[in-house]
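*Asks:* The structure that follows is given in the form of structure tokens.
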Amino acid sequence: MRFSFGDVVIDTDRFLLERGGTSLHVQPQVFDVLSHLVLNRERVVPKTELLDTIWGDRFVSESTLTSRIKAARQVVGDDGIMQSVIKTVHGRGYRWVADVTVEPGGAATPTLRAPTPDVRRLEQHIRFCTASDGVRVAYATVGQGPPLVRAAHWVTHLDYDWESPIWRHWLDGLSQDRMLVRYDERGCGLSDPDPEDISFEAFVRDLETVVDEVGLERFPLMGVSQGGPVAIEYAARHPERVSHLVLVGTFVKGRLARATTPEERHEAELQSELIRIGWGRDDPSFRVFFSSTFMADAPPQLWSDFAVLMRRTTSAQNAFRLNRVSTAMDVSARLSQITVPTLILHGRQDLRIPFRQGLELASGIRGSRLVPLDTRNHLMQPDEPAWEHFLREIDRFLAEDAPSDGSRS
């Protein structure tokens, strides 16, 4: 829904804020404060309600809320003196007082309420397990219902992902009416930051460890990007454990493994070297450029957001090691061994991993179904049609002969 007042537009469905026709970047919590207040503008919103809605069961002080209110006022041209948009009701909470126009179509109704608080605020449970080589692996569950396991890929952080505009809609969309299980790759996020072994085999063992720790007997498995080959390998080794296999924007062979010319090999090696040199620098130029290859049609601010997340997730040394493993992955010999129902989704113009890799997967996995997505973004954004197409296809696929319970009996 779009709310307009003065030169400001708040689009609560697309997580966008515009002022004077220009899109503005705001922190997710600041946007959530604005959204909740404008959706509940007919009443005073207590401080406790804002704290519960925005932060869920995480403890934060009132000063944190006060700072987000201050930032929310600033971004819409208000302040604590004028209070022409957000009014402080002392001893009670805050109220939206600016007149708004609701777009498109209908007028606002006095009973309008905010949507149910999303998963990132309420349901995340982070735990830890230990792989066979002693490496600590952090995993999280969110949502309720049948399980969906997402194999790890790099540039994730179980905690920071909740605040990231890169991943927040993925977590929300994939955990609707199901329990999403995800984990940080070794060397990334909350998992062991300094593992001795970073290898394809270690990645597969970590997936085995997590699903055993959660107690899943049979479950749908998703592989996104670099997580795809790991999911394929697991499904080939443990077909009795995987009910559905979902492969999203992934590959049969990594960039170096599929290189056929000296130029392609040089390009793969050059990217690895740039990661080693540029990842940890204070100057974000390389990371921003690297981000743009994942989200070609996203606003430049999202490239910067992704660049920040990259540095938070892992060190330059680990990024280099992880990339070297990824570029050398090759599961071509495993494709004919996949016997579980398989859905392949791939952007037609994906600039990071070419569409022909999706075609190769579909050709090699017997009975699989390929769904082309109309996007150039390797990491889809919530405001593009391809995102809703993606979610619909996954819901439809997982509903086919879906098990009622994935837990061990």
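For the structure tokens, the naming scheme is as follows: chains receive sequential letters (A, B, ...) according to their order of presentation, residues are indexed from 1 within each chain, and ligands are indexed from 1 in presentation order.
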Quick one: residues within 12 Å of Gln271 (chain A), only C-alpha atoms counted, chain neighbours fewer than 2 positions away excluded, as a list in words?
*Replies:*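 The filter keeps Arg255, Leu256, Glu264, Arg265, His266, Glu267, Ala268, Glu269, Glu273, Leu274, Ile275, Arg276, Ile277, Gly278, Trp279, Phe286, Arg287, Phe289, Phe290, Thr293, Ala319, Phe320, Asn323, Arg324 and Thr327 of chain A.
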*Asks:* Restricting it to C-alpha atoms, dump the selection as an mmCIF file, in the first residue's frame.
*Replies:*
data_model
loop_
_atom_site.group_PDB
_atom_site.id
_atom_site.type_symbol
_atom_site.label_atom_id
_atom_site.label_comp_id
_atom_site.auth_asym_id
_atom_site.auth_seq_id
_atom_site.Cartn_x
_atom_site.Cartn_y
_atom_site.Cartn_z
ATOM 1 C CA ARG A 255 33.406 -20.322 -13.141
ATOM 2 C CA LEU A 256 36.891 -21.839 -13.351
ATOM 3 C CA GLU A 264 37.761 -17.304 -19.402
ATOM 4 C CA ARG A 265 40.313 -18.909 -17.112
ATOM 5 C CA HIS A 266 42.127 -15.619 -16.721
ATOM 6 C CA GLU A 267 38.870 -13.864 -15.883
ATOM 7 C CA ALA A 268 38.076 -16.410 -13.162
ATOM 8 C CA GLU A 269 41.573 -16.129 -11.687
ATOM 9 C CA GLU A 273 42.694 -12.110 -6.937
ATOM 10 C CA LEU A 274 40.501 -9.012 -6.756
ATOM 11 C CA ILE A 275 38.560 -10.600 -3.899
ATOM 12 C CA ARG A 276 41.793 -11.264 -2.036
ATOM 13 C CA ILE A 277 43.004 -7.691 -2.504
ATOM 14 C CA GLY A 278 39.814 -5.642 -2.403
ATOM 15 C CA TRP A 279 37.465 -7.407 0.028
ATOM 16 C CA PHE A 286 35.552 -3.261 -5.386
ATOM 17 C CA ARG A 287 32.807 -4.589 -3.126
ATOM 18 C CA PHE A 289 31.263 -3.325 -8.172
ATOM 19 C CA PHE A 290 31.127 -6.973 -7.081
ATOM 20 C CA THR A 293 27.020 -8.215 -10.619
ATOM 21 C CA ALA A 319 36.319 -14.847 0.968
ATOM 22 C CA PHE A 320 39.286 -15.734 -1.238
ATOM 23 C CA ASN A 323 35.573 -18.314 -3.874
ATOM 24 C CA ARG A 324 38.369 -20.669 -4.944
ATOM 25 C CA THR A 327 34.820 -21.670 -8.887
#
*Asks:* Would you list the contacts of region 332-335 of chain A as a list in words, taking every protein, DNA or RNA residue within 6 Å and counting only C-alpha atoms, but skipping same-chain residues closer than 6 positions in sequence?
*Replies:*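 Skipping anything fewer than 6 positions along the chain leaves Val252, Gly364 and Ile365 of chain A.
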*Asks:* Would you mind reading off the distance between CA of Met82 (chain A) and CA of Leu50 (chain A), one decimal, in Å?
*Replies:*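 Going from CA of Met82 (chain A) over to CA of Leu50 (chain A), I get 21.6 Å.
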*Asks:* Would you pick out the contacts of region 338-340 of chain A at 7 Å or less, using only C-alpha atoms, so that residues sharing its chain but fewer than 3 positions from it are not included, and give the list as a list in words?
*Replies:*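 Close residues of region 338-340 of chain A: Ala235, Ala236, Pro239, Val242, Ser243, His244, Leu245, Arg334, Leu335 and Ile365 of chain A.
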*Asks:* Report as an NGL selection string all protein, DNA and RNA residues lying within 8 Å of Val331 (chain A), evaluated on only C-alpha atoms, omitting residues in the same chain fewer than 6 positions from it.
*Replies:* :A and (229 or 232-233 or 252-253)
*Asks:* Report as a list in words all protein, DNA and RNA residues lying within 8 Å of Tyr94 (chain A), evaluated on only C-alpha atoms, omitting residues in the same chain fewer than 6 positions from it.
*Replies:* Leu37, Val44, Val45, Pro46, Lys47, Ile86, Lys87 and Thr88 of chain A
*Asks:* Counting only C-alpha atoms, figure out which residue out of A:Val246, A:Leu148, A:Leu302, A:Asn318 gets nearest to Glu185 (chain A).
*Replies:*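 Closest residue, counting only C-alpha atoms: A:Asn318.
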